[in-house]
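Working notes, beginning with the structure itself.
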Amino acid sequence: MGMRMLLAVSTVLLLAACGQEGLTAVDPPSVTPSGPAPTATTTAGVRHDVTGPDGPPPFRVRYDRQELVLHPHTYCYGNGCVDGVVADPPDIGSPAEIQVYVPVEEFVLSVHARELTRPPRPGAPSFDATCGGRSFEVPVEDLGGGWYAVRASGPAAHYDVELFAQGGGDMIGSLRWRTPTAGPMPDPSARLALVADHDGEPDSYGLELAVEDLAETPTDVSAEIEVTAANGRSMTFAAEQAADRCRGAGDLYFDRPDELAKQAAGLGDFPFTTTVTLTLDGRAYVATAVYPDDEIEGNEPSVALEFAPELPGA
């Protein structure tokens with residue numbers, strides 16, 4: 001697939017050959033899992049209701065006896081790929097549940113929510129920042145026939161919600177949702193990218209250690225990484241948190257030192273055993289993973305980390 005270029009969807013669309021052939025657009029049935037289609041139909045605001053000439057049909061979002069026709073701002077479909085941005089997505093209010101129709105038979109839906117935390121400024125969208133808010137994947141229920149149920153998750157709050165459908169191509173649409181009640185939070189998770197496989201040889205593209213969905217953001221944080229190659233050679237070093245402080249609540253991210261990550265890849269051959277000691281407000285949590293055995297499919301070269309004791313969740 002060709003490289004995408006980031007463009008404001010309200011001004012221009014970029015079409016580039018990306019060869020997403022064999023995808024099947026499907027019209028929504030007149031009767032959904034929740035009953036007949038609503039008679040009132042709403043459409044996303046100015047220029048949100050436009051898909052490029054080779055783009056997929058829109059999402060259909062049903063809630064409180066209304067329907068939002070939501071055209072994707074980003075997609076790879078047919079012969080074109082488009083990247084777009086929506087700064088102020090359509091606001092659906094505060095339904096307890098939404099139902100989403102994915103119009104391409106091969107696509108499967110996933111949903112991501114980002115909590116909005118900053119009050120509006122004059123001339124700015126209703127909410128314009130997510131620093132300090134929660135950011136997490138929202139569970140979806142496959143209802144069949146292209147329909148999915150999405151229920152409130154996380155703290156009751158305002159969220160920018162991203163609908164991401166993919167499978168041989170993809171399409172992304174955004175909306176704003178004020179959840180009326182609190183819902184479940186995902187369990188904490190962690191991953192480490194350190195050593196990579198470059199044409200059969202150990203290499204490193206730098207260090208990335210991500211910890212997500214902790215019960216709260218700790219005040220005092222440190223992380224130590226021990227790496228051991230198959231020949232028994234090892235080294236230990238401290239990971240450093242990213243300089244960008246705009247992190248979601250309960251999330252930690254370390255992205256340095258890259259030069260020591262490169263040294264670690266030069267210790268020997270596969271497999272590499274990595275032990276991460278994460279200290280949160282004085283309590284130590286330890287996880288061990290093996291590369292490439294524990295590599296996360298779709299998030300290569302990251303390995304999944306399972307800590308003992310378990311990381312504190314919401």
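Convention: chains lettered A, B, ... in structure tokens order; per-chain residue numbering from 1; ligands numbered from 1 as shown.
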As a PDB file with C-alpha atoms, in the first residue's frame, please: the residues near stretch 256-273 of chain A (cut-off 9 Å, only C-alpha atoms, same-chain neighbours under 4 positions excluded).
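Okay, this is what ended up in result-v8.pdb:
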ATOM      1  CA  LEU A 194      13.528  -3.420  21.614  1.00  0.00           C
ATOM      2  CA  VAL A 195      15.053  -6.085  19.330  1.00  0.00           C
ATOM      3  CA  ALA A 196      13.838  -6.634  15.757  1.00  0.00           C
ATOM      4  CA  ASP A 197      14.456  -9.184  13.007  1.00  0.00           C
ATOM      5  CA  GLU A 201      19.691 -10.715  11.736  1.00  0.00           C
ATOM      6  CA  PRO A 202      19.090  -9.054  15.127  1.00  0.00           C
ATOM      7  CA  ASP A 203      18.613  -5.294  14.883  1.00  0.00           C
ATOM      8  CA  SER A 204      16.810  -2.527  16.742  1.00  0.00           C
ATOM      9  CA  TYR A 205      14.703   0.395  15.584  1.00  0.00           C
ATOM     10  CA  GLY A 206      14.866   1.978  19.025  1.00  0.00           C
ATOM     11  CA  LEU A 207      13.174   1.481  22.368  1.00  0.00           C
ATOM     12  CA  GLU A 208       9.426   1.689  22.968  1.00  0.00           C
ATOM     13  CA  LEU A 209       7.898   0.620  26.263  1.00  0.00           C
ATOM     14  CA  GLU A 226      17.656  -6.530  31.282  1.00  0.00           C
ATOM     15  CA  VAL A 227      18.387  -8.133  27.885  1.00  0.00           C
ATOM     16  CA  THR A 228      20.027 -11.543  27.393  1.00  0.00           C
ATOM     17  CA  ALA A 229      20.923 -13.007  23.987  1.00  0.00           C
ATOM     18  CA  ALA A 230      20.963 -16.736  23.163  1.00  0.00           C
ATOM     19  CA  ASN A 231      24.736 -16.884  23.877  1.00  0.00           C
ATOM     20  CA  GLY A 232      24.215 -15.714  27.455  1.00  0.00           C
ATOM     21  CA  ARG A 233      25.616 -12.208  27.002  1.00  0.00           C
ATOM     22  CA  SER A 234      23.464  -9.584  28.691  1.00  0.00           C
ATOM     23  CA  MET A 235      23.184  -5.937  29.619  1.00  0.00           C
ATOM     24  CA  THR A 236      20.912  -3.869  31.861  1.00  0.00           C
ATOM     25  CA  PHE A 237      19.859  -0.252  31.453  1.00  0.00           C
ATOM     26  CA  ALA A 238      17.209   2.216  32.572  1.00  0.00           C
ATOM     27  CA  ALA A 239      14.429   3.223  30.180  1.00  0.00           C
ATOM     28  CA  GLU A 240      13.592   6.929  29.957  1.00  0.00           C
ATOM     29  CA  GLN A 241      10.101   8.371  29.648  1.00  0.00           C
ATOM     30  CA  ALA A 242       9.151  10.284  26.508  1.00  0.00           C
ATOM     31  CA  THR A 288       9.765 -11.391  31.284  1.00  0.00           C
ATOM     32  CA  ALA A 289       9.253 -11.906  27.534  1.00  0.00           C
ATOM     33  CA  VAL A 290      11.193 -13.624  24.758  1.00  0.00           C
ATOM     34  CA  TYR A 291      11.767 -12.184  21.281  1.00  0.00           C
ATOM     35  CA  PRO A 292      10.636 -13.391  18.781  1.00  0.00           C
ATOM     36  CA  ASP A 293       8.506 -15.996  20.616  1.00  0.00           C
TER      37      ASP A 293
END
Quick one: residues within 9 Å of stretch 129-138 of chain A, only C-alpha atoms, excluding same-chain residues fewer than 3 positions away - as a ChimeraX atom specification? /A:110-119,150-155,159-160,185-186,212-213,245-251
Using only C-alpha atoms, find the one residue out of A:Gly313, A:Pro218, A:Gly80, A:Pro28 that sits nearest to A:Arg283.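 Using only C-alpha atoms, the shortest distance to A:Arg283 belongs to A:Pro218.
Taking only C-alpha atoms into account, A:Leu68 lies nearest to A:Gly173 out of the set A:Gly200, A:Pro56, A:Gly84, A:Gly173.
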Could you pull the residues within 8 Å of A:Glu105, counting only C-alpha atoms, minus those fewer than 5 positions along the same chain, as a short mmCIF file (atom, residue, chain, number, x, y, z; two decimals) with N, CA and C atoms, in the first residue's frame?
data_model
loop_
_atom_site.label_atom_id
_atom_site.label_comp_id
_atom_site.auth_asym_id
_atom_site.auth_seq_id
_atom_site.Cartn_x
_atom_site.Cartn_y
_atom_site.Cartn_z
N LEU A 23 -13.34 -5.86 -2.66
CA LEU A 23 -14.16 -5.49 -1.52
C LEU A 23 -15.60 -5.32 -1.96
N THR A 24 -16.53 -5.69 -1.08
CA THR A 24 -17.94 -5.72 -1.43
C THR A 24 -18.73 -4.73 -0.60
N ALA A 25 -19.24 -3.67 -1.23
CA ALA A 25 -20.09 -2.70 -0.54
C ALA A 25 -21.49 -3.29 -0.40
N VAL A 26 -22.07 -3.15 0.80
CA VAL A 26 -23.38 -3.74 1.09
C VAL A 26 -24.28 -2.66 1.69
N GLY A 146 -23.53 -7.04 9.41
CA GLY A 146 -22.78 -5.79 9.31
C GLY A 146 -23.02 -4.82 10.46
#
Pick from A:Gly282, A:Pro89, A:Gly22, A:Gly55: nearest to A:Leu163, with only C-alpha atoms counted?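 Closest candidate: A:Pro89.
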Every residue of stretch 64-236 of chain A that DSSP places in strand (DSSP E), as an MDAnalysis selection string: chainID A and resid 66:70 74:77 80:82 97:101 108:115 135:138 140:144 147:151 158:166 170:178 189:193 196:198 201:203 208:212 221:228 234:236
Filtering to C-alpha atoms, could you give me those residues as a JSON list (two decimals), in the first residue's frame?
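again34.json, freshly written:
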[["chain", "number", "residue", "atom", "x", "y", "z"],
["A", 66, "GLN", "CA", -31.93, 8.77, 15.12],
["A", 67, "GLU", "CA", -29.47, 7.84, 12.41],
["A", 68, "LEU", "CA", -26.17, 9.52, 11.61],
["A", 69, "VAL", "CA", -24.84, 9.02, 8.08],
["A", 70, "LEU", "CA", -21.11, 9.18, 8.74],
["A", 74, "THR", "CA", -9.78, 8.26, 6.07],
["A", 75, "TYR", "CA", -9.91, 5.12, 3.94],
["A", 76, "CYS", "CA", -8.19, 2.69, 1.59],
["A", 77, "TYR", "CA", -10.83, 1.27, -0.73],
["A", 80, "GLY", "CA", -7.87, 5.09, -3.75],
["A", 81, "CYS", "CA", -6.42, 5.91, -0.37],
["A", 82, "VAL", "CA", -7.29, 9.09, 1.54],
["A", 97, "GLU", "CA", -25.58, 2.67, 23.39],
["A", 98, "ILE", "CA", -25.01, 3.12, 19.67],
["A", 99, "GLN", "CA", -25.36, 0.68, 16.79],
["A", 100, "VAL", "CA", -22.90, 0.95, 13.91],
["A", 101, "TYR", "CA", -23.38, -0.45, 10.42],
["A", 108, "VAL", "CA", -14.57, -5.76, 10.83],
["A", 109, "LEU", "CA", -15.19, -2.92, 13.31],
["A", 110, "SER", "CA", -13.03, -1.78, 16.21],
["A", 111, "VAL", "CA", -13.64, 1.36, 18.28],
["A", 112, "HIS", "CA", -11.26, 3.68, 20.14],
["A", 113, "ALA", "CA", -12.28, 6.43, 22.58],
["A", 114, "ARG", "CA", -10.28, 9.48, 23.73],
["A", 115, "GLU", "CA", -11.60, 11.41, 26.72],
["A", 135, "SER", "CA", -7.70, 6.66, 25.93],
["A", 136, "PHE", "CA", -8.79, 3.06, 25.34],
["A", 137, "GLU", "CA", -10.30, 0.46, 23.04],
["A", 138, "VAL", "CA", -14.06, 0.08, 23.44],
["A", 140, "VAL", "CA", -17.96, -4.06, 20.39],
["A", 141, "GLU", "CA", -20.63, -6.75, 19.97],
["A", 142, "ASP", "CA", -21.11, -8.23, 16.51],
["A", 143, "LEU", "CA", -24.87, -8.35, 15.93],
["A", 144, "GLY", "CA", -24.59, -9.89, 12.47],
["A", 147, "TRP", "CA", -24.21, -4.29, 12.55],
["A", 148, "TYR", "CA", -22.31, -3.81, 15.81],
["A", 149, "ALA", "CA", -23.43, -2.65, 19.26],
["A", 150, "VAL", "CA", -21.16, -0.24, 21.13],
["A", 151, "ARG", "CA", -21.93, 0.56, 24.77],
["A", 158, "HIS", "CA", -17.09, 13.45, 26.71],
["A", 159, "TYR", "CA", -15.18, 11.34, 24.17],
["A", 160, "ASP", "CA", -13.96, 11.62, 20.62],
["A", 161, "VAL", "CA", -14.74, 8.17, 19.25],
["A", 162, "GLU", "CA", -13.00, 6.63, 16.23],
["A", 163, "LEU", "CA", -14.80, 3.95, 14.24],
["A", 164, "PHE", "CA", -12.18, 1.84, 12.49],
["A", 165, "ALA", "CA", -13.29, -0.87, 10.04],
["A", 166, "GLN", "CA", -10.66, -2.94, 8.26],
["A", 170, "ASP", "CA", -9.99, 0.19, 5.82],
["A", 171, "MET", "CA", -12.24, 3.13, 6.63],
["A", 172, "ILE", "CA", -12.27, 5.49, 9.64],
["A", 173, "GLY", "CA", -14.98, 7.85, 10.84],
["A", 174, "SER", "CA", -15.16, 10.01, 13.98],
["A", 175, "LEU", "CA", -17.95, 11.21, 16.23],
["A", 176, "ARG", "CA", -18.33, 12.86, 19.64],
["A", 177, "TRP", "CA", -20.18, 11.01, 22.41],
["A", 178, "ARG", "CA", -20.99, 12.13, 25.95],
["A", 189, "SER", "CA", -1.56, -3.93, 29.33],
["A", 190, "ALA", "CA", 2.10, -3.41, 28.41],
["A", 191, "ARG", "CA", 4.35, -4.01, 25.44],
["A", 192, "LEU", "CA", 8.05, -3.59, 24.65],
["A", 193, "ALA", "CA", 9.77, -3.01, 21.31],
["A", 196, "ALA", "CA", 13.84, -6.63, 15.76],
["A", 197, "ASP", "CA", 14.46, -9.18, 13.01],
["A", 198, "HIS", "CA", 16.08, -7.49, 10.00],
["A", 201, "GLU", "CA", 19.69, -10.71, 11.74],
["A", 202, "PRO", "CA", 19.09, -9.05, 15.13],
["A", 203, "ASP", "CA", 18.61, -5.29, 14.88],
["A", 208, "GLU", "CA", 9.43, 1.69, 22.97],
["A", 209, "LEU", "CA", 7.90, 0.62, 26.26],
["A", 210, "ALA", "CA", 4.18, 1.36, 26.62],
["A", 211, "VAL", "CA", 1.98, 0.76, 29.65],
["A", 212, "GLU", "CA", -1.74, 1.49, 29.27],
["A", 221, "VAL", "CA", 7.93, 5.94, 37.90],
["A", 222, "SER", "CA", 11.05, 4.06, 36.78],
["A", 223, "ALA", "CA", 11.75, 1.16, 34.41],
["A", 224, "GLU", "CA", 14.81, -1.09, 34.16],
["A", 225, "ILE", "CA", 15.37, -3.49, 31.26],
["A", 226, "GLU", "CA", 17.66, -6.53, 31.28],
["A", 227, "VAL", "CA", 18.39, -8.13, 27.88],
["A", 228, "THR", "CA", 20.03, -11.54, 27.39],
["A", 234, "SER", "CA", 23.46, -9.58, 28.69],
["A", 235, "MET", "CA", 23.18, -5.94, 29.62],
["A", 236, "THR", "CA", 20.91, -3.87, 31.86]]
How many Å separate atom CA of A:Ile92 from atom CA of A:Pro184?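 Atom CA of A:Pro184 lies 20.8 Å from atom CA of A:Ile92.
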Top pick for closest residue to A:Phe254, considering A:Leu278, A:Gly169, A:Asp199, A:Ala314 and counting only C-alpha atoms: A:Leu278
Write out as a list in words all residues of stretch 160-265 of chain A that backbone DSSP assigns to alpha helix (DSSP H).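 Alpha helix (DSSP H) assignments inside stretch 160-265 of chain A correspond to Asp258, Glu259, Leu260, Ala261, Lys262, Gln263, Ala264 and Ala265 of chain A.
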Which residue of A:Glu310, A:Asp64, A:Glu300, A:Glu295 approaches A:Pro188 most closely, using only C-alpha atoms: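 Comparing A:Glu310, A:Asp64, A:Glu300, A:Glu295 against A:Pro188, the winner is A:Glu310.
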